file final_6.cif (mmCIF, C-alpha atoms)
data_start
loop_
_atom_site.label_atom_id
_atom_site.label_comp_id
_atom_site.auth_asym_id
_atom_site.auth_seq_id
_atom_site.Cartn_x
_atom_site.Cartn_y
_atom_site.Cartn_z
CA MET A 1 59.79 46.58 17.04
CA THR A 2 60.19 43.27 18.86
CA THR A 3 58.93 39.93 17.57
CA THR A 4 56.37 39.91 20.41
CA SER A 5 54.98 43.31 19.42
CA ILE A 6 54.92 42.27 15.75
CA ASP A 7 52.90 39.16 16.62
CA SER A 8 50.53 41.21 18.77
CA ALA A 9 49.91 43.69 15.95
CA ALA A 10 49.21 40.89 13.46
CA ASN A 11 46.44 39.55 15.69
CA ARG A 12 44.53 42.85 15.72
CA SER A 13 43.08 44.89 12.90
CA VAL A 14 44.62 48.27 12.20
CA ASN A 15 41.43 49.91 13.41
CA ASP A 16 41.61 47.99 16.70
CA GLN A 17 45.24 49.05 17.16
CA ILE A 18 44.40 52.71 16.55
CA VAL A 19 41.37 52.68 18.86
CA ALA A 20 43.38 50.91 21.60
CA ASP A 21 46.27 53.39 21.40
CA PRO A 22 45.66 56.44 19.19
CA SER A 23 49.01 57.92 20.26
CA ALA A 24 50.85 55.06 18.51
CA SER A 25 49.36 56.14 15.17
CA CYS A 26 50.42 59.03 12.94
CA ASP A 27 47.28 60.97 13.89
CA VAL A 28 45.14 60.49 17.01
CA GLU A 29 42.06 61.62 15.05
CA LEU A 30 42.19 58.35 13.09
CA ALA A 31 40.38 56.84 16.07
CA GLU A 32 37.38 59.10 15.40
CA GLY A 33 34.49 58.28 13.07
CA PRO A 34 35.49 59.46 9.57
CA TRP A 35 32.10 61.16 9.08
CA ILE A 36 33.32 63.92 11.40
CA PHE A 37 35.73 65.04 8.69
CA ASP A 38 33.60 64.55 5.56
CA LEU A 39 32.80 68.23 5.15
CA VAL A 40 36.22 69.49 6.22
CA PRO A 41 38.54 70.49 3.34
CA GLY A 42 41.42 68.04 3.11
CA TYR A 43 42.15 64.33 2.97
CA GLY A 44 41.31 63.49 6.57
CA PRO A 45 43.30 62.32 9.58
CA GLY A 46 46.66 60.76 8.76
CA CYS A 47 47.26 62.71 5.57
CA SER A 48 50.74 64.07 4.92
CA GLU A 49 51.54 67.70 5.69
CA ASP A 50 53.26 67.68 2.27
CA ASP A 51 49.98 66.99 0.48
CA VAL A 52 48.99 69.96 -1.64
CA ILE A 53 45.24 70.38 -1.37
CA PRO A 54 43.79 71.81 -4.61
CA GLU A 55 40.27 72.98 -5.30
CA PRO A 56 37.77 71.47 -5.10
CA VAL A 57 38.73 69.59 -1.97
CA VAL A 58 35.34 68.72 -0.51
CA ARG A 59 33.43 65.71 -1.79
CA PRO A 60 30.56 65.75 0.71
CA GLY A 61 29.46 62.31 1.81
CA GLN A 62 27.95 63.01 5.21
CA LEU A 63 26.68 59.81 6.79
CA PRO A 64 23.19 59.98 8.36
CA VAL A 65 23.35 60.37 12.15
CA GLU A 66 21.44 57.11 12.57
CA TYR A 67 24.36 55.18 11.09
CA GLN A 68 26.96 57.22 12.96
CA LYS A 69 25.41 56.09 16.25
CA MET A 70 25.03 52.39 15.42
CA SER A 71 27.22 49.88 17.23
CA ASP A 72 29.74 47.83 15.28
CA ASP A 73 27.59 44.73 15.79
CA GLU A 74 24.51 46.43 14.38
CA LEU A 75 26.39 47.77 11.35
CA HIS A 76 27.82 44.36 10.54
CA ALA A 77 24.41 42.72 10.97
CA ARG A 78 22.90 45.24 8.52
CA ILE A 79 25.67 44.64 5.97
CA ARG A 80 25.24 40.87 6.14
CA ALA A 81 21.46 41.11 5.87
CA ALA A 82 21.59 43.49 2.91
CA LYS A 83 24.14 41.34 1.09
CA GLU A 84 21.92 38.30 1.55
CA LYS A 85 18.84 40.12 0.23
CA LEU A 86 20.66 41.64 -2.75
CA GLY A 87 22.46 38.45 -3.75
CA GLU A 88 24.12 38.64 -7.16
CA ARG A 89 22.47 41.96 -7.94
CA VAL A 90 25.42 43.63 -6.24
CA VAL A 91 29.17 43.00 -6.36
CA ILE A 92 31.49 44.53 -3.77
CA LEU A 93 35.08 45.30 -4.74
CA GLY A 94 37.69 45.90 -2.02
CA HIS A 95 41.19 47.25 -2.47
CA PHE A 96 44.07 45.62 -0.58
CA TYR A 97 44.42 48.82 1.47
CA GLN A 98 40.89 48.77 2.87
CA ARG A 99 40.38 48.25 6.59
CA ASP A 100 39.61 44.65 7.64
CA GLU A 101 36.17 45.61 8.91
CA VAL A 102 35.18 46.51 5.33
CA VAL A 103 37.23 44.22 3.13
CA GLN A 104 35.75 41.12 4.78
CA TYR A 105 32.57 41.78 2.76
CA ALA A 106 34.28 42.15 -0.62
CA ASP A 107 33.49 39.66 -3.36
CA PHE A 108 36.85 40.53 -4.92
CA VAL A 109 39.97 41.84 -3.16
CA GLY A 110 42.92 43.04 -5.19
CA ASP A 111 45.01 45.87 -6.56
CA SER A 112 43.65 48.43 -9.00
CA PHE A 113 44.52 46.34 -12.08
CA GLN A 114 42.86 43.22 -10.67
CA LEU A 115 39.76 45.09 -9.55
CA ALA A 116 39.37 46.79 -12.93
CA ASN A 117 39.27 43.31 -14.45
CA ALA A 118 37.11 41.87 -11.67
CA ALA A 119 34.35 44.37 -12.37
CA LEU A 120 34.17 43.08 -15.93
CA THR A 121 33.52 39.52 -14.73
CA LYS A 122 30.15 40.46 -13.23
CA PRO A 123 28.22 41.91 -16.18
CA ASP A 124 24.88 40.82 -14.72
CA ALA A 125 25.33 42.68 -11.43
CA GLU A 126 23.08 45.73 -11.25
CA THR A 127 25.42 47.62 -8.93
CA ILE A 128 29.15 47.71 -8.24
CA VAL A 129 30.05 48.96 -4.76
CA PHE A 130 33.68 50.02 -4.84
CA CYS A 131 35.38 50.06 -1.45
CA GLY A 132 38.35 52.11 -2.53
CA VAL A 133 38.84 55.74 -3.52
CA HIS A 134 37.29 58.10 -6.04
CA PHE A 135 39.45 57.40 -9.10
CA MET A 136 38.85 53.66 -8.72
CA ALA A 137 35.09 54.12 -8.73
CA GLU A 138 35.39 56.39 -11.78
CA THR A 139 37.31 53.66 -13.60
CA ALA A 140 34.67 51.09 -12.69
CA ASP A 141 31.94 53.38 -14.06
CA ILE A 142 33.84 53.88 -17.32
CA LEU A 143 34.26 50.12 -17.82
CA ALA A 144 30.80 49.11 -16.58
CA ARG A 145 27.79 48.45 -18.77
CA PRO A 146 25.56 51.53 -19.26
CA GLU A 147 22.79 50.10 -17.09
CA GLN A 148 25.12 49.28 -14.18
CA HIS A 149 25.47 51.65 -11.22
CA VAL A 150 28.76 52.28 -9.45
CA ILE A 151 28.75 53.39 -5.83
CA LEU A 152 31.55 54.85 -3.70
CA PRO A 153 30.39 54.41 -0.08
CA ASN A 154 32.01 57.66 1.07
CA LEU A 155 32.36 60.41 -1.53
CA ALA A 156 35.07 62.04 0.59
CA ALA A 157 37.43 59.12 -0.14
CA GLY A 158 39.68 60.87 -2.63
CA CYS A 159 43.41 60.54 -3.33
CA SER A 160 46.02 63.22 -2.71
CA MET A 161 48.34 61.80 -5.36
CA ALA A 162 45.59 61.84 -7.99
CA ASP A 163 44.91 65.48 -7.17
CA MET A 164 48.57 66.42 -7.74
CA ALA A 165 48.00 66.32 -11.49
CA ASP A 166 44.92 68.15 -12.74
CA GLU A 167 43.70 68.45 -16.31
CA GLU A 168 44.58 72.14 -16.67
CA SER A 169 48.18 71.63 -15.51
CA VAL A 170 48.71 68.60 -17.74
CA GLU A 171 47.26 70.43 -20.77
CA ALA A 172 49.61 73.37 -20.07
CA ALA A 173 52.60 71.04 -19.80
CA TRP A 174 51.61 69.33 -23.04
CA GLU A 175 51.52 72.68 -24.85
CA GLU A 176 55.00 73.58 -23.58
CA LEU A 177 56.39 70.20 -24.57
CA THR A 178 54.78 70.37 -28.01
CA GLU A 179 56.53 73.69 -28.60
CA ILE A 180 59.86 72.00 -27.86
CA TYR A 181 59.35 68.61 -29.53
CA GLY A 182 56.84 69.46 -32.24
CA ASP A 183 53.99 67.12 -33.09
CA GLU A 184 55.32 65.23 -36.11
CA PRO A 185 56.55 61.62 -35.89
CA ASP A 186 60.19 60.78 -36.61
CA ALA A 187 61.50 58.66 -39.49
CA ASP A 188 60.47 55.50 -37.62
CA GLY A 189 56.93 56.78 -37.18
CA LYS A 190 57.32 57.41 -33.46
CA GLN A 191 55.49 60.33 -31.92
CA PRO A 192 57.56 62.98 -30.10
CA ILE A 193 55.95 62.13 -26.75
CA VAL A 194 53.40 59.65 -25.39
CA PRO A 195 51.38 60.44 -22.24
CA VAL A 196 51.13 57.72 -19.59
CA THR A 197 48.96 58.21 -16.53
CA TYR A 198 49.02 56.06 -13.46
CA MET A 199 45.67 54.56 -12.52
CA ASN A 200 45.78 56.92 -9.53
CA SER A 201 44.46 59.84 -11.56
CA SER A 202 41.16 61.42 -12.51
CA ALA A 203 38.97 60.22 -15.36
CA ALA A 204 39.79 63.52 -17.12
CA LEU A 205 43.49 62.63 -17.26
CA LYS A 206 42.75 59.14 -18.48
CA ALA A 207 40.67 60.78 -21.22
CA PHE A 208 43.60 63.10 -22.01
CA CYS A 209 45.76 60.02 -22.59
CA GLY A 210 43.09 58.43 -24.74
CA ARG A 211 42.92 61.53 -26.96
CA HIS A 212 46.69 61.84 -27.32
CA GLY A 213 47.64 58.26 -28.14
CA GLY A 214 48.49 57.41 -24.55
CA ILE A 215 47.68 54.76 -22.01
CA VAL A 216 46.93 54.11 -18.33
CA CYS A 217 49.22 51.98 -16.16
CA THR A 218 49.05 50.34 -12.75
CA SER A 219 51.94 49.32 -10.52
CA SER A 220 51.37 45.76 -11.79
CA ASN A 221 51.92 46.48 -15.47
CA ALA A 222 53.99 49.69 -15.45
CA SER A 223 56.98 48.14 -17.22
CA THR A 224 54.77 46.57 -19.89
CA VAL A 225 53.08 49.94 -20.41
CA LEU A 226 56.39 51.82 -20.74
CA GLU A 227 57.53 49.28 -23.33
CA TRP A 228 54.24 49.85 -25.17
CA ALA A 229 54.79 53.60 -25.05
CA PHE A 230 58.37 53.45 -26.33
CA GLU A 231 57.26 51.31 -29.25
CA ARG A 232 55.10 54.27 -30.28
CA GLY A 233 56.95 57.32 -29.00
CA GLN A 234 60.39 58.82 -28.54
CA ARG A 235 59.75 59.77 -24.92
CA VAL A 236 57.09 59.56 -22.21
CA LEU A 237 55.31 62.10 -20.02
CA PHE A 238 54.51 60.08 -16.88
CA PHE A 239 52.06 61.39 -14.28
CA PRO A 240 51.21 61.81 -11.47
CA ASP A 241 53.61 59.61 -9.44
CA GLN A 242 57.27 60.39 -10.04
CA HIS A 243 58.48 57.45 -7.93
CA LEU A 244 56.64 54.70 -9.81
CA GLY A 245 57.82 56.20 -13.10
CA ARG A 246 61.43 56.56 -11.96
CA ASN A 247 61.72 53.13 -10.35
CA THR A 248 60.12 51.38 -13.32
CA ALA A 249 62.16 53.21 -15.96
CA LYS A 250 65.40 52.75 -13.99
CA ALA A 251 64.76 48.99 -13.83
CA MET A 252 64.40 49.07 -17.63
CA GLY A 253 67.86 50.63 -17.95
CA ILE A 254 66.95 54.26 -18.58
CA PRO A 255 69.60 56.56 -17.01
CA LEU A 256 68.51 58.97 -14.30
CA GLU A 257 69.87 61.93 -16.24
CA GLN A 258 67.27 61.16 -18.90
CA MET A 259 64.42 61.33 -16.37
CA PRO A 260 63.90 64.97 -15.37
CA THR A 261 61.13 65.89 -12.94
CA TRP A 262 58.38 68.17 -14.24
CA ASN A 263 57.17 70.72 -11.69
CA PRO A 264 53.89 72.15 -13.05
CA ARG A 265 54.35 75.35 -11.06
CA ARG A 266 57.51 76.37 -12.91
CA PRO A 267 58.24 77.25 -16.57
CA LEU A 268 59.35 74.20 -18.55
CA GLY A 269 58.67 72.21 -15.40
CA GLY A 270 61.77 73.73 -13.82
CA ASN A 271 64.07 72.36 -16.55
CA ARG A 272 66.42 73.73 -19.19
CA GLU A 273 65.36 73.09 -22.76
CA ASP A 274 68.59 71.21 -23.57
CA ARG A 275 67.88 68.73 -20.77
CA LEU A 276 64.35 68.20 -22.01
CA GLN A 277 65.73 67.43 -25.48
CA GLU A 278 67.73 64.55 -23.95
CA ALA A 279 64.86 63.27 -21.81
CA LYS A 280 63.32 59.83 -22.23
CA VAL A 281 60.84 59.96 -19.33
CA LEU A 282 59.48 63.20 -17.90
CA LEU A 283 58.28 62.57 -14.35
CA TRP A 284 55.44 64.61 -12.90
CA HIS A 285 56.19 66.04 -9.46
CA GLY A 286 53.71 63.85 -7.57
CA PHE A 287 53.94 61.21 -4.85
CA CYS A 288 52.02 58.93 -2.48
CA SER A 289 52.06 60.23 1.08
CA VAL A 290 51.87 56.66 2.48
CA HIS A 291 54.85 55.33 0.54
CA LYS A 292 56.85 58.49 1.03
CA ARG A 293 57.06 57.55 4.72
CA PHE A 294 59.38 54.62 4.04
CA THR A 295 63.10 55.25 4.46
CA VAL A 296 66.47 53.57 4.00
CA ALA A 297 66.99 53.95 7.76
CA GLN A 298 63.92 51.77 8.37
CA ILE A 299 65.39 49.07 6.13
CA GLU A 300 68.75 49.28 7.91
CA LYS A 301 67.02 48.90 11.27
CA ALA A 302 65.01 45.91 10.03
CA ARG A 303 68.24 44.23 8.86
CA ALA A 304 69.95 44.99 12.18
CA ASP A 305 67.02 43.70 14.26
CA HIS A 306 66.29 40.69 12.05
CA PRO A 307 69.41 39.25 10.35
CA GLY A 308 68.36 37.52 7.14
CA VAL A 309 65.16 39.56 6.81
CA LYS A 310 63.74 39.85 3.29
CA VAL A 311 62.62 43.36 2.38
CA ILE A 312 60.08 44.14 -0.32
CA VAL A 313 58.59 47.57 -1.02
CA HIS A 314 56.04 49.12 -3.32
CA PRO A 315 57.40 51.06 -6.35
CA GLU A 316 55.63 54.21 -5.12
CA ALA A 317 58.40 54.39 -2.50
CA PRO A 318 61.34 56.75 -3.21
CA MET A 319 64.17 55.32 -5.34
CA PRO A 320 66.76 55.02 -2.51
CA VAL A 321 64.27 52.86 -0.58
CA VAL A 322 63.59 50.65 -3.60
CA ASP A 323 67.34 50.32 -4.21
CA ALA A 324 67.94 49.29 -0.60
CA ALA A 325 65.21 46.62 -0.65
CA ASP A 326 65.58 43.05 -1.86
CA ALA A 327 62.59 43.35 -4.17
CA PHE A 328 59.88 45.78 -5.21
CA GLY A 329 56.53 45.41 -6.85
CA SER A 330 52.80 46.00 -6.86
CA THR A 331 50.55 45.04 -4.00
CA ASP A 332 49.80 41.76 -5.77
CA LYS A 333 53.51 41.06 -6.24
CA ILE A 334 54.05 41.75 -2.54
CA ARG A 335 51.27 39.29 -1.74
CA ARG A 336 52.83 36.66 -4.00
CA PHE A 337 56.28 37.34 -2.51
CA VAL A 338 55.00 36.50 0.96
CA ALA A 339 53.07 33.47 -0.31
CA ALA A 340 56.24 32.11 -1.95
CA SER A 341 58.31 32.48 1.23
CA GLU A 342 59.07 29.65 3.65
CA PRO A 343 57.83 29.07 7.19
CA GLY A 344 60.16 30.83 9.58
CA ASP A 345 61.07 33.58 7.11
CA VAL A 346 61.12 37.17 8.29
CA ILE A 347 59.69 39.69 5.82
CA ALA A 348 59.63 43.47 6.14
CA ILE A 349 57.21 45.24 3.84
CA GLY A 350 57.03 48.82 2.65
CA THR A 351 53.39 49.38 1.79
CA GLU A 352 50.08 50.30 3.45
CA ILE A 353 49.63 48.88 6.94
CA ASN A 354 46.20 47.25 6.45
CA MET A 355 47.59 44.98 3.76
CA VAL A 356 50.74 44.19 5.76
CA ASN A 357 48.74 43.24 8.86
CA ARG A 358 46.45 41.06 6.78
CA LEU A 359 49.42 39.21 5.30
CA ALA A 360 50.91 38.75 8.78
CA ALA A 361 47.64 37.20 9.98
CA GLU A 362 47.39 35.00 6.89
CA TYR A 363 50.91 33.62 7.35
CA PRO A 364 51.36 33.18 11.11
CA ASP A 365 54.32 30.81 10.57
CA ARG A 366 56.32 33.73 9.14
CA THR A 367 57.25 37.02 10.79
CA VAL A 368 55.72 39.72 8.59
CA PHE A 369 55.84 43.37 9.59
CA CYS A 370 55.65 46.89 8.20
CA LEU A 371 58.88 48.85 7.82
CA ASP A 372 57.22 51.94 9.28
CA PRO A 373 56.85 51.45 13.06
CA VAL A 374 54.12 54.11 13.19
CA VAL A 375 50.58 52.89 12.46
CA CYS A 376 49.57 55.12 9.55
CA PRO A 377 46.94 53.78 7.14
CA CYS A 378 46.09 55.42 3.83
CA SER A 379 44.06 58.36 5.11
CA THR A 380 41.55 58.32 2.25
CA MET A 381 41.07 54.55 2.02
CA TYR A 382 40.42 54.67 5.76
CA ARG A 383 37.40 56.90 5.19
CA ILE A 384 35.44 53.87 3.98
CA HIS A 385 33.92 52.71 7.26
CA PRO A 386 31.36 49.91 7.81
CA GLY A 387 28.78 52.62 8.52
CA TYR A 388 28.99 53.90 4.93
CA LEU A 389 28.88 50.40 3.49
CA ALA A 390 25.79 49.56 5.56
CA TRP A 391 24.10 52.81 4.48
CA VAL A 392 24.61 52.33 0.72
CA LEU A 393 23.63 48.65 0.86
CA ASP A 394 20.48 49.47 2.84
CA GLY A 395 19.71 52.02 0.15
CA LEU A 396 19.93 49.38 -2.55
CA VAL A 397 17.59 47.13 -0.59
CA GLU A 398 15.15 50.07 -0.48
CA GLY A 399 15.57 50.71 -4.21
CA GLU A 400 17.74 53.82 -3.82
CA VAL A 401 21.21 54.21 -5.36
CA ARG A 402 23.26 56.34 -2.97
CA ASN A 403 26.61 57.98 -3.72
CA GLN A 404 26.56 56.98 -7.36
CA ILE A 405 29.66 57.83 -9.42
CA VAL A 406 28.86 58.95 -12.97
CA VAL A 407 31.60 59.99 -15.40
CA ASP A 408 30.66 62.41 -18.17
CA ALA A 409 29.97 60.50 -21.40
CA ASP A 410 32.57 62.35 -23.49
CA VAL A 411 35.23 61.93 -20.81
CA ALA A 412 34.33 58.27 -20.39
CA ARG A 413 34.60 57.63 -24.14
CA ASP A 414 38.19 58.88 -24.37
CA ALA A 415 39.23 57.45 -21.01
CA LYS A 416 37.97 54.01 -22.01
CA VAL A 417 40.38 54.01 -24.96
CA ALA A 418 43.35 54.46 -22.62
CA LEU A 419 41.95 51.98 -20.08
CA GLU A 420 41.40 49.27 -22.66
CA ARG A 421 45.00 49.69 -23.76
CA MET A 422 45.98 49.23 -20.10
CA LEU A 423 43.93 46.06 -19.73
CA ALA A 424 45.61 44.62 -22.82
CA ALA A 425 49.08 45.38 -21.40
CA LEU A 426 49.38 42.36 -19.14
CA PRO A 427 51.80 42.46 -16.20
CA LYS A 428 55.09 40.61 -16.59
CA GLY A 429 54.64 36.95 -15.73
CA ALA A 430 50.85 37.15 -15.89
#

call {"tool": "encode", "arguments": {"input": "final_6.cif", "output": "structure tokens"}}
result
Amino acid sequence: MTTTSIDSAANRSVNDQIVADPSASCDVELAEGPWIFDLVPGYGPGCSEDDVIPEPVVRPGQLPVEYQKMSDDELHARIRAAKEKLGERVVILGHFYQRDEVVQYADFVGDSFQLANAALTKPDAETIVFCGVHFMAETADILARPEQHVILPNLAAGCSMADMADEESVEAAWEELTEIYGDEPDADGKQPIVPVTYMNSSAALKAFCGRHGGIVCTSSNASTVLEWAFERGQRVLFFPDQHLGRNTAKAMGIPLEQMPTWNPRRPLGGNREDRLQEAKVLLWHGFCSVHKRFTVAQIEKARADHPGVKVIVHPEAPMPVVDAADAFGSTDKIRRFVAASEPGDVIAIGTEINMVNRLAAEYPDRTVFCLDPVVCPCSTMYRIHPGYLAWVLDGLVEGEVRNQIVVDADVARDAKVALERMLAALPKGA
């Protein structure tokens, strides 16, 4: 990618780039309205062919035809008018990976850790509209006051990684591991194993961690969380993202041979019992389809094309990519990395394209670009379109709560235990 093409991309939203040239994206159907795919099993255009689609796959969120046919100008006018009428009765949270056309209306923009905290700062808001994906809205509902409503504008905005670890599979793995390790603490009072789930997981798995002395982590505080877990346990079962777990544990000095991967479709996760006895971190066989796209070859090309380039990637990227980069960290760390750079610096980033483009536009005196030359946004984040945001906000103006996310009370109780432990585990340097 030339400097001219990088500058051109930074001046247009990802959606504008896709609409202008669908063939330059990873899936030409990304240029279509996402409502077309709401009732189709799967994660939508742009998802990885490696994504395993479990049941249930359909979270119907069909947008009324009236909103499907509205022009962009009309949708944005409706959103602005509804926000003005609702005032502080509603708070809109937007993840870094949201499309520009949506995130511009967010009262808070951040990563999952920041947004979990942000929701707590608006206790008087009647409704939280979460422009993210399903597990994020579940978390907001768990942490919200009982009288608050949480809305996910498009119920089809799921997460393939979150679906790679389901409650039944994790319970089965726990039973197998308990047979090997037992359930009694050692002489130092440490439990045989502590479950740690990434934020990118269902409320049911967060509740599982709450019941079993475990905790939730985000990419911001993963190392703090692993330290917390090792203070209480001899080893960790980390799910669903193997790459975040491996990269974080490796940076803490844990040898790779003590980090076996657990494949839930095979007995003992595909491991020998003697290897499990030596394990310190058992890594669930899950991944992010966006971050799996980044390669060492992309980093090598960036260094060849831009001598002196600084490379930073997200820890959901595979270990060889993280090792080849100059730095790695959460979306907020990536943002701070760019902010701390100097005018004239060239920075290549390995994370979701909407965030990278936004950083490039925010820092025009630097050259900021995505390692992946193909325009491929997070397929499920991309399903939050201004049409859905306008529809749910209009509903609130009319007194109707649309697409409300409600977590079962028993699940929420146990999940909140694990989430509160997460919120207390502050990221390094926070």

call {"tool": "atom_distance", "arguments": {"input": "final_6.cif", "atom1": "CA of Ala157 (chain A)", "atom2": "CA of Thr380 (chain A)"}}
result
4.8 Å

call {"tool": "closest_residue", "arguments": {"input": "final_6.cif", "among": "A:Val401, A:Val150, A:Val290, A:Ala162", "to": "Val375 (chain A)", "atoms": "only C-alpha atoms"}}
result
A:Val290

call {"tool": "atom_distance", "arguments": {"input": "final_6.cif", "atom1": "CA of Arg303 (chain A)", "atom2": "CA of Ser23 (chain A)"}}
result
26.2 Å

call {"tool": "residues_around", "arguments": {"input": "final_6.cif", "residues": "region 272-283 of chain A", "least_positions_apart": "2", "cutoff": "10 Å", "atoms": "all atoms listed in the file", "output": "mmCIF file with C-alpha atoms, in the coordinates of the input"}}
result
data_model
loop_
_atom_site.group_PDB
_atom_site.id
_atom_site.type_symbol
_atom_site.label_atom_id
_atom_site.label_comp_id
_atom_site.auth_asym_id
_atom_site.auth_seq_id
_atom_site.Cartn_x
_atom_site.Cartn_y
_atom_site.Cartn_z
ATOM 1 C CA LEU A 177 56.390 70.200 -24.570
ATOM 2 C CA ILE A 180 59.860 72.000 -27.860
ATOM 3 C CA TYR A 181 59.350 68.610 -29.530
ATOM 4 C CA ILE A 193 55.950 62.130 -26.750
ATOM 5 C CA VAL A 194 53.400 59.650 -25.390
ATOM 6 C CA PRO A 195 51.380 60.440 -22.240
ATOM 7 C CA VAL A 196 51.130 57.720 -19.590
ATOM 8 C CA LEU A 226 56.390 51.820 -20.740
ATOM 9 C CA PHE A 230 58.370 53.450 -26.330
ATOM 10 C CA GLY A 233 56.950 57.320 -29.000
ATOM 11 C CA GLN A 234 60.390 58.820 -28.540
ATOM 12 C CA ARG A 235 59.750 59.770 -24.920
ATOM 13 C CA VAL A 236 57.090 59.560 -22.210
ATOM 14 C CA LEU A 237 55.310 62.100 -20.020
ATOM 15 C CA PHE A 238 54.510 60.080 -16.880
ATOM 16 C CA PHE A 239 52.060 61.390 -14.280
ATOM 17 C CA PRO A 240 51.210 61.810 -11.470
ATOM 18 C CA ASP A 241 53.610 59.610 -9.440
ATOM 19 C CA GLN A 242 57.270 60.390 -10.040
ATOM 20 C CA HIS A 243 58.480 57.450 -7.930
ATOM 21 C CA LEU A 244 56.640 54.700 -9.810
ATOM 22 C CA GLY A 245 57.820 56.200 -13.100
ATOM 23 C CA ARG A 246 61.430 56.560 -11.960
ATOM 24 C CA ALA A 249 62.160 53.210 -15.960
ATOM 25 C CA ILE A 254 66.950 54.260 -18.580
ATOM 26 C CA PRO A 255 69.600 56.560 -17.010
ATOM 27 C CA LEU A 256 68.510 58.970 -14.300
ATOM 28 C CA GLU A 257 69.870 61.930 -16.240
ATOM 29 C CA GLN A 258 67.270 61.160 -18.900
ATOM 30 C CA MET A 259 64.420 61.330 -16.370
ATOM 31 C CA PRO A 260 63.900 64.970 -15.370
ATOM 32 C CA THR A 261 61.130 65.890 -12.940
ATOM 33 C CA TRP A 262 58.380 68.170 -14.240
ATOM 34 C CA ASN A 263 57.170 70.720 -11.690
ATOM 35 C CA PRO A 267 58.240 77.250 -16.570
ATOM 36 C CA LEU A 268 59.350 74.200 -18.550
ATOM 37 C CA GLY A 269 58.670 72.210 -15.400
ATOM 38 C CA GLY A 270 61.770 73.730 -13.820
ATOM 39 C CA HIS A 285 56.190 66.040 -9.460
ATOM 40 C CA GLY A 286 53.710 63.850 -7.570
#

call {"tool": "resolve_selection", "arguments": {"input": "final_6.cif", "expression": "the PyMOL selection byres ((chain A and resi 188) around 10)", "output": "number ranges by chain"}}
result
A: 185-187, 189-191, 231-234

call {"tool": "closest_residue", "arguments": {"input": "final_6.cif", "among": "A:Glu420, A:Asp326, A:Glu84, A:Glu138", "to": "Val407 (chain A)", "atoms": "only C-alpha atoms"}}
result
A:Glu138

call {"tool": "residues_around", "arguments": {"input": "final_6.cif", "residues": "Pro22 (chain A)", "least_positions_apart": "6", "cutoff": "10 Å", "atoms": "all atoms listed in the file", "output": "ChimeraX atom specification"}}
result
/A:15-16,28-32,375

call {"tool": "atom_distance", "arguments": {"input": "final_6.cif", "atom1": "CA of Ala297 (chain A)", "atom2": "CA of Glu342 (chain A)"}}
result
25.9 Å

call {"tool": "closest_residue", "arguments": {"input": "final_6.cif", "among": "A:Asp72, A:Glu400, A:Glu179, A:Glu101", "to": "Arg358 (chain A)", "atoms": "all atoms listed in the file"}}
result
A:Glu101

call {"tool": "closest_residue", "arguments": {"input": "final_6.cif", "among": "A:Asp107, A:Asp394, A:Asp27, A:Asp323", "to": "Pro153 (chain A)", "atoms": "all atoms listed in the file"}}
result
A:Asp394

call {"tool": "closest_residue", "arguments": {"input": "final_6.cif", "among": "A:Glu167, A:Thr139, A:Thr127, A:Ala172", "to": "Phe208 (chain A)", "atoms": "all atoms listed in the file"}}
result
A:Glu167

call {"tool": "residues_around", "arguments": {"input": "final_6.cif", "residues": "Pro427 (chain A)", "least_positions_apart": "6", "cutoff": "9 Å", "atoms": "only C-alpha atoms", "output": "CSV table (one decimal) with C-alpha atoms, in the coordinates of the input"}}
result
chain,number,residue,atom,x,y,z
A,219,SER,CA,51.9,49.3,-10.5
A,220,SER,CA,51.4,45.8,-11.8
A,221,ASN,CA,51.9,46.5,-15.5
A,222,ALA,CA,54.0,49.7,-15.4
A,223,SER,CA,57.0,48.1,-17.2
A,224,THR,CA,54.8,46.6,-19.9
A,225,VAL,CA,53.1,49.9,-20.4

call {"tool": "residues_around", "arguments": {"input": "final_6.cif", "residues": "Asp408 (chain A)", "least_positions_apart": "5", "cutoff": "12 Å", "atoms": "all atoms listed in the file", "output": "list in words"}}
result
Glu138, Thr139, Asp141, Ile142, Ser202, Ala203, Ala204, Ala207, Arg413, Asp414, Ala415 and Lys416 of chain A

call {"tool": "residues_around", "arguments": {"input": "final_6.cif", "residues": "Leu393 (chain A)", "least_positions_apart": "4", "cutoff": "12 Å", "atoms": "only C-alpha atoms", "output": "PyMOL selection string"}}
result
chain A and resi 75-87+89-92+105+127-130+151-153+386-389+397-403
